[in-house]
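Peer 1: Structure file start-v2.pdb (PDB, C-alpha atoms) right here:
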```pdb
ATOM      1  CA  MET A   1     138.669 115.192 129.849  1.00  0.00           C
ATOM      2  CA  ALA A   2     142.077 114.847 128.167  1.00  0.00           C
ATOM      3  CA  GLU A   3     141.544 118.290 126.667  1.00  0.00           C
ATOM      4  CA  LEU A   4     141.023 119.812 130.106  1.00  0.00           C
ATOM      5  CA  ARG A   5     144.227 118.155 131.381  1.00  0.00           C
ATOM      6  CA  LEU A   6     146.220 119.610 128.488  1.00  0.00           C
ATOM      7  CA  PHE A   7     144.802 123.067 129.166  1.00  0.00           C
ATOM      8  CA  LYS A   8     145.764 122.759 132.845  1.00  0.00           C
ATOM      9  CA  GLN A   9     149.272 121.608 131.933  1.00  0.00           C
ATOM     10  CA  TYR A  10     149.669 124.552 129.573  1.00  0.00           C
ATOM     11  CA  GLN A  11     148.438 126.914 132.270  1.00  0.00           C
ATOM     12  CA  PHE A  12     150.846 125.372 134.802  1.00  0.00           C
ATOM     13  CA  PHE A  13     153.891 125.833 132.549  1.00  0.00           C
ATOM     14  CA  ARG A  14     152.879 129.346 131.475  1.00  0.00           C
ATOM     15  CA  GLU A  15     152.479 130.358 135.104  1.00  0.00           C
ATOM     16  CA  MET A  16     155.905 128.822 135.826  1.00  0.00           C
ATOM     17  CA  THR A  17     157.376 130.963 133.052  1.00  0.00           C
ATOM     18  CA  LEU A  18     155.676 134.112 134.321  1.00  0.00           C
ATOM     19  CA  ASN A  19     156.873 133.388 137.875  1.00  0.00           C
ATOM     20  CA  GLU A  20     160.460 133.018 136.625  1.00  0.00           C
ATOM     21  CA  LEU A  21     160.164 136.431 134.960  1.00  0.00           C
ATOM     22  CA  LYS A  22     158.824 138.217 138.047  1.00  0.00           C
ATOM     23  CA  GLY A  23     161.409 140.473 139.632  1.00  0.00           C
ATOM     24  CA  VAL A  24     163.667 140.548 136.564  1.00  0.00           C
ATOM     25  CA  THR A  25     164.359 144.133 135.501  1.00  0.00           C
ATOM     26  CA  ASN A  26     164.274 145.126 131.855  1.00  0.00           C
ATOM     27  CA  GLU A  27     168.010 145.836 132.062  1.00  0.00           C
ATOM     28  CA  GLU A  28     168.712 142.338 133.416  1.00  0.00           C
ATOM     29  CA  ALA A  29     166.435 140.828 130.765  1.00  0.00           C
ATOM     30  CA  LEU A  30     168.705 142.217 128.030  1.00  0.00           C
ATOM     31  CA  ILE A  31     171.993 140.807 129.381  1.00  0.00           C
ATOM     32  CA  ILE A  32     173.502 137.778 127.647  1.00  0.00           C
ATOM     33  CA  PRO A  33     175.750 136.074 130.199  1.00  0.00           C
ATOM     34  CA  GLU A  34     178.924 134.330 129.092  1.00  0.00           C
ATOM     35  CA  GLY A  35     178.159 130.867 127.773  1.00  0.00           C
ATOM     36  CA  PHE A  36     174.639 131.781 126.626  1.00  0.00           C
ATOM     37  CA  SER A  37     173.526 132.776 123.146  1.00  0.00           C
ATOM     38  CA  ASN A  38     170.420 134.744 124.093  1.00  0.00           C
ATOM     39  CA  SER A  39     168.896 136.794 126.888  1.00  0.00           C
ATOM     40  CA  ILE A  40     165.948 136.383 129.230  1.00  0.00           C
ATOM     41  CA  LEU A  41     163.961 138.788 127.043  1.00  0.00           C
ATOM     42  CA  TRP A  42     164.720 136.758 123.912  1.00  0.00           C
ATOM     43  CA  ASN A  43     163.624 133.502 125.558  1.00  0.00           C
ATOM     44  CA  ALA A  44     160.397 135.043 126.896  1.00  0.00           C
ATOM     45  CA  GLY A  45     159.607 136.606 123.515  1.00  0.00           C
ATOM     46  CA  HIS A  46     160.510 133.365 121.755  1.00  0.00           C
ATOM     47  CA  ILE A  47     157.972 131.473 123.893  1.00  0.00           C
ATOM     48  CA  LEU A  48     155.321 134.031 122.909  1.00  0.00           C
ATOM     49  CA  VAL A  49     156.105 134.004 119.180  1.00  0.00           C
ATOM     50  CA  THR A  50     156.488 130.228 118.952  1.00  0.00           C
ATOM     51  CA  SER A  51     153.239 129.618 120.826  1.00  0.00           C
ATOM     52  CA  ASP A  52     151.581 132.030 118.421  1.00  0.00           C
ATOM     53  CA  SER A  53     153.040 130.133 115.484  1.00  0.00           C
ATOM     54  CA  ILE A  54     152.048 126.734 116.823  1.00  0.00           C
ATOM     55  CA  ILE A  55     148.614 127.550 118.176  1.00  0.00           C
ATOM     56  CA  THR A  56     147.273 130.444 116.167  1.00  0.00           C
ATOM     57  CA  ASN A  57     148.716 129.711 112.773  1.00  0.00           C
ATOM     58  CA  GLY A  58     149.708 126.047 112.792  1.00  0.00           C
ATOM     59  CA  VAL A  59     146.510 124.575 114.138  1.00  0.00           C
ATOM     60  CA  LEU A  60     143.840 127.188 113.707  1.00  0.00           C
ATOM     61  CA  GLY A  61     145.093 128.645 110.432  1.00  0.00           C
ATOM     62  CA  GLU A  62     144.595 132.190 111.739  1.00  0.00           C
ATOM     63  CA  GLU A  63     146.893 135.101 111.030  1.00  0.00           C
ATOM     64  CA  TYR A  64     149.777 135.481 113.430  1.00  0.00           C
ATOM     65  CA  LYS A  65     148.902 137.803 116.306  1.00  0.00           C
ATOM     66  CA  TYR A  66     152.581 138.503 117.017  1.00  0.00           C
ATOM     67  CA  LYS A  67     153.962 138.703 113.488  1.00  0.00           C
ATOM     68  CA  HIS A  68     155.454 142.113 114.379  1.00  0.00           C
ATOM     69  CA  LEU A  69     157.627 140.422 117.030  1.00  0.00           C
ATOM     70  CA  GLN A  70     159.012 137.657 114.820  1.00  0.00           C
ATOM     71  CA  GLU A  71     161.996 139.773 113.752  1.00  0.00           C
ATOM     72  CA  PHE A  72     163.128 139.799 117.385  1.00  0.00           C
ATOM     73  CA  PHE A  73     162.159 136.362 118.645  1.00  0.00           C
ATOM     74  CA  ASN A  74     161.827 133.833 115.822  1.00  0.00           C
ATOM     75  CA  ARG A  75     164.093 130.791 115.833  1.00  0.00           C
ATOM     76  CA  GLY A  76     167.524 131.804 114.607  1.00  0.00           C
ATOM     77  CA  THR A  77     167.269 135.458 115.664  1.00  0.00           C
ATOM     78  CA  LYS A  78     169.745 136.993 118.102  1.00  0.00           C
ATOM     79  CA  PRO A  79     169.617 140.122 120.244  1.00  0.00           C
ATOM     80  CA  SER A  80     173.032 141.087 118.853  1.00  0.00           C
ATOM     81  CA  GLU A  81     171.407 141.427 115.419  1.00  0.00           C
ATOM     82  CA  TRP A  82     168.425 143.551 116.454  1.00  0.00           C
ATOM     83  CA  THR A  83     168.264 146.814 114.515  1.00  0.00           C
ATOM     84  CA  LYS A  84     165.257 148.242 116.360  1.00  0.00           C
ATOM     85  CA  GLU A  85     164.315 148.668 119.988  1.00  0.00           C
ATOM     86  CA  PRO A  86     162.694 145.447 121.270  1.00  0.00           C
ATOM     87  CA  PRO A  87     159.595 145.436 123.429  1.00  0.00           C
ATOM     88  CA  THR A  88     160.197 145.551 127.174  1.00  0.00           C
ATOM     89  CA  LEU A  89     160.042 142.492 129.384  1.00  0.00           C
ATOM     90  CA  GLU A  90     156.911 143.924 130.991  1.00  0.00           C
ATOM     91  CA  GLU A  91     155.232 144.112 127.571  1.00  0.00           C
ATOM     92  CA  ILE A  92     156.188 140.514 126.786  1.00  0.00           C
ATOM     93  CA  MET A  93     154.951 139.336 130.183  1.00  0.00           C
ATOM     94  CA  LYS A  94     151.609 141.065 129.609  1.00  0.00           C
ATOM     95  CA  GLU A  95     151.266 139.363 126.217  1.00  0.00           C
ATOM     96  CA  LEU A  96     152.244 135.965 127.663  1.00  0.00           C
ATOM     97  CA  SER A  97     149.504 136.381 130.253  1.00  0.00           C
ATOM     98  CA  GLU A  98     146.950 137.445 127.633  1.00  0.00           C
ATOM     99  CA  GLN A  99     147.934 134.569 125.361  1.00  0.00           C
ATOM    100  CA  LEU A 100     147.258 132.135 128.188  1.00  0.00           C
ATOM    101  CA  LYS A 101     143.701 133.473 128.468  1.00  0.00           C
ATOM    102  CA  ASP A 102     143.121 133.071 124.708  1.00  0.00           C
ATOM    103  CA  ILE A 103     144.411 129.518 124.386  1.00  0.00           C
ATOM    104  CA  GLU A 104     141.569 127.558 125.933  1.00  0.00           C
ATOM    105  CA  ALA A 105     138.905 129.514 124.072  1.00  0.00           C
ATOM    106  CA  LYS A 106     140.674 129.085 120.733  1.00  0.00           C
ATOM    107  CA  TYR A 107     141.427 125.399 121.187  1.00  0.00           C
ATOM    108  CA  GLU A 108     138.255 124.190 122.880  1.00  0.00           C
ATOM    109  CA  GLY A 109     136.959 121.165 120.987  1.00  0.00           C
ATOM    110  CA  LYS A 110     139.806 121.270 118.446  1.00  0.00           C
ATOM    111  CA  LEU A 111     142.584 119.260 120.072  1.00  0.00           C
ATOM    112  CA  ASN A 112     141.669 115.941 118.502  1.00  0.00           C
ATOM    113  CA  SER A 113     140.764 117.325 115.096  1.00  0.00           C
ATOM    114  CA  PRO A 114     143.177 116.714 112.207  1.00  0.00           C
ATOM    115  CA  ILE A 115     145.049 119.836 111.154  1.00  0.00           C
ATOM    116  CA  GLU A 116     144.966 121.112 107.609  1.00  0.00           C
ATOM    117  CA  ASN A 117     148.735 120.954 106.982  1.00  0.00           C
ATOM    118  CA  PRO A 118     150.280 118.124 109.023  1.00  0.00           C
ATOM    119  CA  PHE A 119     154.067 117.960 109.116  1.00  0.00           C
ATOM    120  CA  SER A 120     156.996 116.106 110.681  1.00  0.00           C
ATOM    121  CA  LEU A 121     159.783 117.439 112.858  1.00  0.00           C
ATOM    122  CA  GLY A 122     162.368 114.700 113.134  1.00  0.00           C
ATOM    123  CA  VAL A 123     160.509 111.678 114.458  1.00  0.00           C
ATOM    124  CA  MET A 124     157.567 113.770 115.667  1.00  0.00           C
ATOM    125  CA  GLU A 125     154.398 113.764 113.601  1.00  0.00           C
ATOM    126  CA  PHE A 126     152.085 116.738 113.967  1.00  0.00           C
ATOM    127  CA  GLU A 127     148.657 115.639 112.770  1.00  0.00           C
ATOM    128  CA  THR A 128     146.219 116.987 115.382  1.00  0.00           C
ATOM    129  CA  GLY A 129     145.837 120.070 117.516  1.00  0.00           C
ATOM    130  CA  ALA A 130     146.893 117.988 120.533  1.00  0.00           C
ATOM    131  CA  ASP A 131     150.198 117.159 118.806  1.00  0.00           C
ATOM    132  CA  TYR A 132     150.965 120.867 118.370  1.00  0.00           C
ATOM    133  CA  PHE A 133     149.712 121.668 121.845  1.00  0.00           C
ATOM    134  CA  ASN A 134     151.944 119.035 123.463  1.00  0.00           C
ATOM    135  CA  PHE A 135     154.928 120.356 121.537  1.00  0.00           C
ATOM    136  CA  GLY A 136     154.087 123.882 122.712  1.00  0.00           C
ATOM    137  CA  ILE A 137     154.128 122.725 126.343  1.00  0.00           C
ATOM    138  CA  ILE A 138     157.481 120.969 125.886  1.00  0.00           C
ATOM    139  CA  HIS A 139     158.933 123.984 124.073  1.00  0.00           C
ATOM    140  CA  GLU A 140     157.781 126.390 126.762  1.00  0.00           C
ATOM    141  CA  SER A 141     159.160 124.287 129.605  1.00  0.00           C
ATOM    142  CA  LEU A 142     162.530 124.069 127.842  1.00  0.00           C
ATOM    143  CA  HIS A 143     162.821 127.851 127.436  1.00  0.00           C
ATOM    144  CA  SER A 144     161.487 128.473 130.936  1.00  0.00           C
ATOM    145  CA  GLY A 145     164.404 126.334 132.168  1.00  0.00           C
ATOM    146  CA  VAL A 146     166.811 128.428 130.105  1.00  0.00           C
ATOM    147  CA  ILE A 147     165.373 131.571 131.703  1.00  0.00           C
ATOM    148  CA  LYS A 148     166.008 130.038 135.131  1.00  0.00           C
ATOM    149  CA  GLY A 149     169.609 129.269 134.114  1.00  0.00           C
ATOM    150  CA  LEU A 150     170.086 132.811 132.836  1.00  0.00           C
ATOM    151  CA  LYS A 151     168.867 134.181 136.161  1.00  0.00           C
ATOM    152  CA  TYR A 152     171.404 132.063 138.026  1.00  0.00           C
ATOM    153  CA  ALA A 153     174.156 133.235 135.685  1.00  0.00           C
ATOM    154  CA  LEU A 154     173.138 136.866 136.283  1.00  0.00           C
ATOM    155  CA  LYS A 155     173.315 136.403 140.063  1.00  0.00           C
ATOM    156  CA  GLY A 156     176.989 135.459 139.675  1.00  0.00           C
ATOM    157  CA  LYS A 157     177.660 138.786 137.937  1.00  0.00           C
ATOM    158  CA  LYS A 158     176.351 140.915 140.813  1.00  0.00           C
TER     159      LYS A 158
END
```
How would this structure read if it were set down as structure tokens?
Peer 2:
Amino acid sequence: MAELRLFKQYQFFREMTLNELKGVTNEEALIIPEGFSNSILWNAGHILVTSDSIITNGVLGEEYKYKHLQEFFNRGTKPSEWTKEPPTLEEIMKELSEQLKDIEAKYEGKLNSPIENPFSLGVMEFETGADYFNFGIIHESLHSGVIKGLKYALKGKK
């Protein structure tokens, strides 16, 4: 029962993210408004890559599905330092949607199981799949809010 609630929460926040991205052009997605350190595209890609890191690798121990995107969207990366053409916002949105479909199947029955390599992040202890999953939801909602702020900032530039 708790597992189903977590899956629904994840789905809710992923759909919120995808709704925020609807209507944003690829050109707009690349703009970094004054006062921000990254773009809409970076935040969307960062959600994808971090979810991959948390869910696929951190809990399940599988190879990263989006390893090829880490150079663009890992923590600490910046669009101003990209040396190659990034994927388009449409490509990232497609992958975010696909990732949502994979999550429940990959996690089913594994949320309460201890993970192989538990770790701490500040005061947070990550010992089970549910711990990672909860962090993923919090992380996504934070970056979805940043995307919303970036959209407001872009409206002021038009």
Peer 1: Pick from A:Leu18, A:Ile138, A:Val146, A:Ile103: nearest to A:Pro33, with all atoms listed in the file counted?
Peer 2: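 Once distances to A:Pro33 are computed over all atoms listed in the file, the minimum belongs to A:Val146.
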Peer 1: Convert the output of the PyMOL selection byres ((chain A and resi 104) around 10) on the shown file into explicit residues, formatted as a ChimeraX atom specification.
Peer 2: /A:3-4,6-8,10-11,99-103,105-110
Peer 1: Please evaluate the PyMOL selection byres ((chain A and resi 131) around 12) against the structure above and give the resulting residues as a PyMOL selection string.
Peer 2: chain A and resi 3+6+54-55+58-59+110-115+118-121+124-130+132-138
Peer 1: Assuming the chain letters and numbering stay as they are in my file, what does the PyMOL selection byres ((chain A and resi 85-91) around 12) actually select? List them as a PyMOL selection string.
Peer 2: chain A and resi 18+20-30+39-46+48+66+68-73+78-84+92-98
Peer 1: Around stretch 20-39 of chain A, with edges along x, y and z and 5 Å added on all six sides, what centre and edge lengths do you get, in Å to one decimal, as JSON?
Peer 2:
```
{"center_x": 168.9, "center_y": 138.4, "center_z": 131.4, "size_x": 30.1, "size_y": 25.0, "size_z": 26.5}
```
Peer 1: Which distance in Å separates atom CA of A:Ser51 and atom CA of A:Glu140, to one decimal?
Peer 2: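 Here the two named atoms are 8.1 Å from each other.
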Peer 1: Grab the atom CA of A:Tyr152 to atom CA of A:Thr50 distance for me, in Å with one decimal place.
Peer 2: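 Between atom CA of A:Tyr152 and atom CA of A:Thr50 the gap is 24.3 Å.
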Peer 1: I need the residue nearest A:Leu150 from this list: A:Asp52, A:Asn117, A:Gly35, A:Val123. Use all atoms listed in the file for the distance.
Peer 2: A:Gly35
Peer 1: For a test of reading the model, state the distance in Å between atom CA of A:Arg14 and atom CA of A:Val49, rounded to one decimal.
Peer 2: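 Between atom CA of A:Arg14 and atom CA of A:Val49 the gap is 13.5 Å.
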Peer 1: Of the candidates A:Thr77, A:Ala153, A:Glu15, A:Arg5, which shows the shortest atom-to-atom distance to A:Asn38, using all atoms listed in the file?
Peer 2: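 Of A:Thr77, A:Ala153, A:Glu15, A:Arg5, the one nearest A:Asn38 is A:Thr77, counting all atoms listed in the file.
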Peer 1: Which of these, A:Ala2, A:Ser37, A:Gln9, A:Leu154, has the shortest distance to A:Ser141 once you count all atoms listed in the file?
Peer 2: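 Ranked by minimum distance to A:Ser141, first place goes to A:Gln9.
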Peer 1: I'd like to know which of A:Gly61, A:Lys67, A:Gly122, A:Phe36 is closest to A:Gly149, using all atoms listed in the file.
Peer 2: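 Residue with the minimum atom-to-atom distance to A:Gly149: A:Phe36.
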